[in-house]
>>> print(open('input31.pdb').read())   # PDB, C-alpha atoms
MODEL        1
ATOM      1  CA  MET A   1     -25.211   8.878   5.090
ATOM      2  CA  GLU A   2     -22.437   6.909   6.841
ATOM      3  CA  GLU A   3     -21.622   5.019   3.597
ATOM      4  CA  GLU A   4     -21.172   8.341   1.779
ATOM      5  CA  ASN A   5     -18.678   9.509   4.460
ATOM      6  CA  THR A   6     -16.727   6.242   4.097
ATOM      7  CA  GLN A   7     -16.467   6.715   0.313
ATOM      8  CA  THR A   8     -15.323  10.324   0.771
ATOM      9  CA  GLN A   9     -12.697   9.152   3.305
ATOM     10  CA  VAL A  10     -11.359   6.521   0.845
ATOM     11  CA  VAL A  11     -11.037   9.115  -1.954
ATOM     12  CA  GLU A  12      -9.225  11.510   0.408
ATOM     13  CA  ASN A  13      -6.910   8.697   1.576
ATOM     14  CA  ASN A  14      -6.022   7.795  -2.040
ATOM     15  CA  ASP A  15      -4.818  11.350  -2.614
ATOM     16  CA  LYS A  16      -2.654  11.222   0.523
ATOM     17  CA  LEU A  17      -1.081   7.782  -0.097
ATOM     18  CA  LYS A  18       2.672   7.931  -0.755
ATOM     19  CA  TRP A  19       5.244   5.364  -1.863
ATOM     20  CA  TYR A  20       8.219   4.632   0.403
ATOM     21  CA  ILE A  21      11.260   2.380   0.139
ATOM     22  CA  VAL A  22      11.707  -0.045   3.019
ATOM     23  CA  ALA A  23      15.067  -1.735   3.611
ATOM     24  CA  SER A  24      14.973  -5.456   4.297
ATOM     25  CA  SER A  25      17.457  -8.242   4.859
ATOM     26  CA  SER A  26      18.785  -9.135   1.412
ATOM     27  CA  GLY A  27      17.358 -12.402   0.154
ATOM     28  CA  LYS A  28      14.410 -12.185   2.558
ATOM     29  CA  GLU A  29      12.396  -9.507   0.743
ATOM     30  CA  ASN A  30       9.469 -11.798  -0.111
ATOM     31  CA  LYS A  31       9.213 -13.174   3.433
ATOM     32  CA  THR A  32       9.397  -9.660   4.907
ATOM     33  CA  ALA A  33       6.747  -8.411   2.448
ATOM     34  CA  GLU A  34       4.452 -11.268   3.521
ATOM     35  CA  LEU A  35       4.980 -10.404   7.188
ATOM     36  CA  ILE A  36       4.114  -6.760   6.454
ATOM     37  CA  LYS A  37       0.914  -7.876   4.670
ATOM     38  CA  GLN A  38      -0.045 -10.090   7.626
ATOM     39  CA  ARG A  39       0.443  -7.205  10.064
ATOM     40  CA  ILE A  40      -1.608  -4.863   7.836
ATOM     41  CA  LYS A  41      -4.483  -7.346   7.876
ATOM     42  CA  ALA A  42      -4.189  -8.077  11.609
ATOM     43  CA  ASN A  43      -4.336  -4.344  12.417
ATOM     44  CA  ASN A  44      -7.095  -3.536   9.864
ATOM     45  CA  TYR A  45      -4.779  -1.103   8.044
ATOM     46  CA  GLU A  46      -5.863  -2.118   4.519
ATOM     47  CA  GLU A  47      -6.923   1.475   3.736
ATOM     48  CA  LYS A  48      -3.796   2.980   5.333
ATOM     49  CA  ILE A  49      -1.233   0.674   3.685
ATOM     50  CA  THR A  50      -2.515  -0.386   0.275
ATOM     51  CA  ASP A  51       0.462  -1.895  -1.586
ATOM     52  CA  VAL A  52       3.551  -3.894  -0.636
ATOM     53  CA  VAL A  53       5.732  -4.685  -3.661
ATOM     54  CA  VAL A  54       9.026  -6.506  -4.072
ATOM     55  CA  PRO A  55      10.114  -5.199  -7.501
ATOM     56  CA  THR A  56      11.057  -8.194  -9.637
ATOM     57  CA  GLN A  57      11.437  -8.923 -13.301
ATOM     58  CA  GLU A  58      11.118 -12.176 -15.229
ATOM     59  CA  LYS A  59      14.254 -13.249 -17.034
ATOM     60  CA  ILE A  60      14.930 -16.249 -19.200
ATOM     61  CA  VAL A  61      18.211 -17.850 -18.162
ATOM     62  CA  ILE A  62      19.918 -20.748 -19.839
ATOM     63  CA  LYS A  63      21.659 -23.023 -17.368
ATOM     64  CA  ARG A  64      23.074 -26.451 -18.074
ATOM     65  CA  GLY A  65      21.520 -26.377 -21.523
ATOM     66  CA  LYS A  66      17.954 -25.688 -20.363
ATOM     67  CA  LYS A  67      15.861 -22.530 -20.493
ATOM     68  CA  GLN A  68      14.443 -21.406 -17.160
ATOM     69  CA  THR A  69      12.299 -18.422 -16.271
ATOM     70  CA  VAL A  70      13.430 -16.787 -13.047
ATOM     71  CA  GLU A  71      12.139 -13.874 -11.000
ATOM     72  CA  GLU A  72      15.063 -11.542 -10.456
ATOM     73  CA  ARG A  73      14.874  -8.832  -7.788
ATOM     74  CA  ILE A  74      15.469  -5.424  -9.340
ATOM     75  CA  PHE A  75      16.527  -3.847  -6.022
ATOM     76  CA  PRO A  76      17.880  -6.581  -3.744
ATOM     77  CA  GLY A  77      17.201  -5.708  -0.114
ATOM     78  CA  TYR A  78      14.348  -3.269  -0.790
ATOM     79  CA  ILE A  79      10.537  -3.303  -0.748
ATOM     80  CA  LEU A  80       8.147  -0.599  -2.011
ATOM     81  CA  VAL A  81       5.244   0.292   0.280
ATOM     82  CA  LYS A  82       2.321   2.596  -0.581
ATOM     83  CA  MET A  83       0.737   4.060   2.537
ATOM     84  CA  LEU A  84      -0.654   7.018   4.415
ATOM     85  CA  PRO A  85       2.251   8.726   6.145
ATOM     86  CA  GLY A  86       1.813   8.791   9.910
ATOM     87  CA  ASP A  87       3.209   7.567  13.195
ATOM     88  CA  GLU A  88       0.958   4.454  13.259
ATOM     89  CA  THR A  89       1.872   3.267   9.776
ATOM     90  CA  PHE A  90       5.587   4.062  10.150
ATOM     91  CA  TYR A  91       5.597   2.193  13.473
ATOM     92  CA  LEU A  92       3.869  -0.870  11.988
ATOM     93  CA  ILE A  93       6.366  -1.104   9.111
ATOM     94  CA  ARG A  94       9.478  -0.360  11.205
ATOM     95  CA  ASN A  95       8.525  -3.005  13.763
ATOM     96  CA  THR A  96       7.967  -5.820  11.297
ATOM     97  CA  GLU A  97      10.475  -8.662  11.460
ATOM     98  CA  GLY A  98      12.989  -8.372   8.618
ATOM     99  CA  VAL A  99      12.602  -4.594   8.164
ATOM    100  CA  THR A 100      15.788  -2.656   8.866
ATOM    101  CA  GLY A 101      14.221   0.775   8.312
ATOM    102  CA  PHE A 102      13.022   3.249   5.729
ATOM    103  CA  VAL A 103      15.309   4.587   3.008
ATOM    104  CA  GLY A 104      15.523   8.372   2.996
ATOM    105  CA  THR A 105      15.093   8.913   6.724
ATOM    106  CA  THR A 106      17.268  11.659   8.141
ATOM    107  CA  ALA A 107      18.509  11.683  11.724
ATOM    108  CA  LYS A 108      16.907  15.090  12.289
ATOM    109  CA  SER A 109      13.388  14.429  11.015
ATOM    110  CA  LYS A 110      12.993  10.651  11.539
ATOM    111  CA  VAL A 111      10.248  10.925   8.901
ATOM    112  CA  PRO A 112      10.994   9.000   5.687
ATOM    113  CA  THR A 113      11.031  10.836   2.379
ATOM    114  CA  PRO A 114       8.381   9.544  -0.050
ATOM    115  CA  LEU A 115       9.308   8.575  -3.589
ATOM    116  CA  ASN A 116       8.418  10.780  -6.519
ATOM    117  CA  PRO A 117       5.292   9.269  -8.196
ATOM    118  CA  LYS A 118       7.050   9.346 -11.602
ATOM    119  CA  GLU A 119       9.924   7.253 -10.185
ATOM    120  CA  VAL A 120       7.457   4.671  -8.886
ATOM    121  CA  GLU A 121       5.645   4.561 -12.248
ATOM    122  CA  GLY A 122       8.994   3.905 -13.942
ATOM    123  CA  ILE A 123       9.951   1.147 -11.497
ATOM    124  CA  LEU A 124       6.567  -0.582 -11.766
ATOM    125  CA  ALA A 125       6.617  -0.299 -15.584
ATOM    126  CA  PHE A 126      10.124  -1.791 -15.636
ATOM    127  CA  THR A 127       8.895  -4.821 -13.670
ATOM    128  CA  GLN A 128       6.474  -5.570 -16.531
ATOM    129  CA  VAL A 129       9.195  -5.653 -19.221
ATOM    130  CA  LYS A 130      10.259  -9.164 -20.212
ATOM    131  CA  GLN A 131      14.020  -9.517 -20.401
ATOM    132  CA  SER A 132      15.596 -11.344 -23.282
ATOM    133  CA  PRO A 133      17.488 -14.546 -22.515
ATOM    134  CA  VAL A 134      20.715 -14.372 -20.555
ATOM    135  CA  PHE A 135      23.084 -17.136 -21.598
ATOM    136  CA  ASP A 136      25.635 -18.657 -19.295
ATOM    137  CA  ALA A 137      27.205 -20.805 -22.025
ATOM    138  CA  LYS A 138      30.558 -19.194 -22.837
ATOM    139  CA  TYR A 139      32.276 -20.219 -26.016
ATOM    140  CA  GLN A 140      35.506 -18.968 -27.564
ATOM    141  CA  ILE A 141      36.413 -18.591 -31.207
ATOM    142  CA  GLY A 142      38.506 -21.584 -32.280
ATOM    143  CA  GLU A 143      37.085 -23.815 -29.540
ATOM    144  CA  ALA A 144      35.988 -27.364 -30.442
ATOM    145  CA  VAL A 145      32.308 -28.123 -29.865
ATOM    146  CA  LYS A 146      30.008 -31.049 -30.507
ATOM    147  CA  VAL A 147      26.520 -30.640 -31.973
ATOM    148  CA  VAL A 148      24.047 -32.246 -29.549
ATOM    149  CA  GLU A 149      20.740 -31.513 -31.276
ATOM    150  CA  GLY A 150      19.339 -31.162 -34.789
ATOM    151  CA  PRO A 151      20.308 -32.591 -38.190
ATOM    152  CA  PHE A 152      24.060 -32.266 -37.487
ATOM    153  CA  LYS A 153      23.905 -34.147 -34.173
ATOM    154  CA  ASP A 154      27.170 -35.776 -33.032
ATOM    155  CA  ILE A 155      29.319 -33.844 -35.534
ATOM    156  CA  VAL A 156      32.327 -32.051 -34.063
ATOM    157  CA  GLY A 157      33.228 -28.566 -35.271
ATOM    158  CA  THR A 158      35.087 -25.374 -34.444
ATOM    159  CA  VAL A 159      33.489 -22.120 -33.268
ATOM    160  CA  ARG A 160      33.969 -19.412 -35.908
ATOM    161  CA  GLU A 161      31.640 -16.629 -34.641
ATOM    162  CA  ILE A 162      29.671 -15.932 -31.461
ATOM    163  CA  ASN A 163      26.459 -13.893 -31.236
ATOM    164  CA  GLU A 164      25.710 -13.611 -27.493
ATOM    165  CA  ALA A 165      22.695 -11.348 -28.045
ATOM    166  CA  LYS A 166      20.933 -14.040 -30.086
ATOM    167  CA  GLY A 167      22.444 -16.979 -28.184
ATOM    168  CA  GLN A 168      23.978 -18.396 -31.337
ATOM    169  CA  VAL A 169      27.335 -19.611 -32.597
ATOM    170  CA  THR A 170      28.568 -20.171 -36.119
ATOM    171  CA  VAL A 171      30.387 -23.494 -36.179
ATOM    172  CA  LEU A 172      32.603 -24.816 -38.979
ATOM    173  CA  LEU A 173      31.532 -28.411 -39.538
ATOM    174  CA  SER A 174      33.638 -30.703 -41.674
ATOM    175  CA  MET A 175      31.269 -32.189 -44.268
ATOM    176  CA  PHE A 176      31.848 -33.464 -47.801
ATOM    177  CA  GLY A 177      35.581 -32.837 -47.490
ATOM    178  CA  GLN A 178      35.264 -29.152 -46.626
ATOM    179  CA  ASP A 179      34.415 -26.848 -43.689
ATOM    180  CA  VAL A 180      30.827 -25.623 -43.840
ATOM    181  CA  PRO A 181      29.701 -22.726 -41.576
ATOM    182  CA  VAL A 182      26.479 -23.579 -39.743
ATOM    183  CA  GLN A 183      24.626 -21.239 -37.391
ATOM    184  CA  LEU A 184      23.398 -23.011 -34.237
ATOM    185  CA  ASP A 185      21.781 -22.013 -30.952
ATOM    186  CA  PHE A 186      23.865 -22.305 -27.790
ATOM    187  CA  LEU A 187      21.528 -25.131 -26.745
ATOM    188  CA  GLN A 188      22.422 -27.148 -29.847
ATOM    189  CA  VAL A 189      26.147 -27.415 -29.058
ATOM    190  CA  SER A 190      28.267 -28.357 -26.079
ATOM    191  CA  LYS A 191      31.915 -27.878 -25.258
ATOM    192  CA  ILE A 192      34.135 -30.879 -25.694
ATOM    193  CA  SER A 193      35.652 -31.787 -22.320
ATOM    194  CA  ASN A 194      39.410 -31.900 -22.088
TER     195      ASN A 194
ENDMDL
END
>>> encode(input="input31.pdb", output="structure tokens")
Amino acid sequence: MEEENTQTQVVENNDKLKWYIVASSSGKENKTAELIKQRIKANNYEEKITDVVVPTQEKIVIKRGKKQTVEERIFPGYILVKMLPGDETFYLIRNTEGVTGFVGTTAKSKVPTPLNPKEVEGILAFTQVKQSPVFDAKYQIGEAVKVVEGPFKDIVGTVREINEAKGQVTVLLSMFGQDVPVQLDFLQVSKISN
């Protein structure tokens, strides 16, 4: 009989759980989220505070000629928390090191405003989207570049076109007595130092 009451309580709690935005020190979101999780466990609040999320998204960045996958925070300085609203849970979150408060709290009510469930669905779905590469290699039309990879390695040419979305440049390479346009990835060329 007691087990049945526990299951009923969990179902009721799931219906009452709300998402809130918690403000944190920028750059310390992950550490603050971990501290919140530790306090949840230490206080046996696993059924009262069920999710602590730092919204991030994977991006492919090209730096110094190498592709890297990085986790980029979507909302720097903010953490999403799904919990039962109440004095105990608000107190636990507010008094966690690194938390500066709840977003949406008015001076009159002191009770944070929960997020709309559709907004949360959108944010969480956005975190699952893989971003296309972001290139930091900046070339200019007419600029001299050297091919550093592929069949045209070590040939010097001039940038004719730039396609940032694809991470490619069209370079005029002098071969067989004439300029030949060749499409290359940003990683296959480098700027010639002055």
>>> resolve_selection(input="input31.pdb", expression="the PyMOL selection byres ((chain A and resi 176-187) around 8)", output="PyMOL selection string")
chain A and resi 65-66+137+149+160+167-175+188-190
>>> resolve_selection(input="input31.pdb", expression="the PyMOL selection byres ((chain A and resi 143) around 9)", output="list in words")
Tyr139, Gln140, Ile141, Gly142, Ala144, Val145, Gly157, Thr158, Val159, Arg160, Lys191 and Ile192 of chain A
>>> resolve_selection(input="input31.pdb", expression="the PyMOL selection byres ((chain A and resi 47-59) around 7)", output="PDB file with C-alpha atoms, in the frame of the given file")
ATOM      1  CA  GLU A  29      12.396  -9.507   0.743  1.00  0.00           C
ATOM      2  CA  ASN A  30       9.469 -11.798  -0.111  1.00  0.00           C
ATOM      3  CA  ALA A  33       6.747  -8.411   2.448  1.00  0.00           C
ATOM      4  CA  ILE A  40      -1.608  -4.863   7.836  1.00  0.00           C
ATOM      5  CA  TYR A  45      -4.779  -1.103   8.044  1.00  0.00           C
ATOM      6  CA  GLU A  46      -5.863  -2.118   4.519  1.00  0.00           C
ATOM      7  CA  ILE A  60      14.930 -16.249 -19.200  1.00  0.00           C
ATOM      8  CA  VAL A  61      18.211 -17.850 -18.162  1.00  0.00           C
ATOM      9  CA  THR A  69      12.299 -18.422 -16.271  1.00  0.00           C
ATOM     10  CA  VAL A  70      13.430 -16.787 -13.047  1.00  0.00           C
ATOM     11  CA  GLU A  71      12.139 -13.874 -11.000  1.00  0.00           C
ATOM     12  CA  GLU A  72      15.063 -11.542 -10.456  1.00  0.00           C
ATOM     13  CA  ARG A  73      14.874  -8.832  -7.788  1.00  0.00           C
ATOM     14  CA  ILE A  74      15.469  -5.424  -9.340  1.00  0.00           C
ATOM     15  CA  PHE A  75      16.527  -3.847  -6.022  1.00  0.00           C
ATOM     16  CA  ILE A  79      10.537  -3.303  -0.748  1.00  0.00           C
ATOM     17  CA  LEU A  80       8.147  -0.599  -2.011  1.00  0.00           C
ATOM     18  CA  VAL A  81       5.244   0.292   0.280  1.00  0.00           C
ATOM     19  CA  LYS A  82       2.321   2.596  -0.581  1.00  0.00           C
ATOM     20  CA  MET A  83       0.737   4.060   2.537  1.00  0.00           C
ATOM     21  CA  LEU A  84      -0.654   7.018   4.415  1.00  0.00           C
ATOM     22  CA  THR A 127       8.895  -4.821 -13.670  1.00  0.00           C
ATOM     23  CA  GLN A 128       6.474  -5.570 -16.531  1.00  0.00           C
ATOM     24  CA  LYS A 130      10.259  -9.164 -20.212  1.00  0.00           C
ATOM     25  CA  GLN A 131      14.020  -9.517 -20.401  1.00  0.00           C
ATOM     26  CA  SER A 132      15.596 -11.344 -23.282  1.00  0.00           C
ATOM     27  CA  PRO A 133      17.488 -14.546 -22.515  1.00  0.00           C
TER      28      PRO A 133
END
>>> closest_residue(input="input31.pdb", among="A:Gly150, A:Pro85, A:Pro117, A:Gly104", to="A:Ile21", atoms="all atoms listed in the file")
A:Gly104
>>> atom_distance(input="input31.pdb", atom1="atom CA of A:Asn116", atom2="atom CA of A:Asp15")
13.8 Å
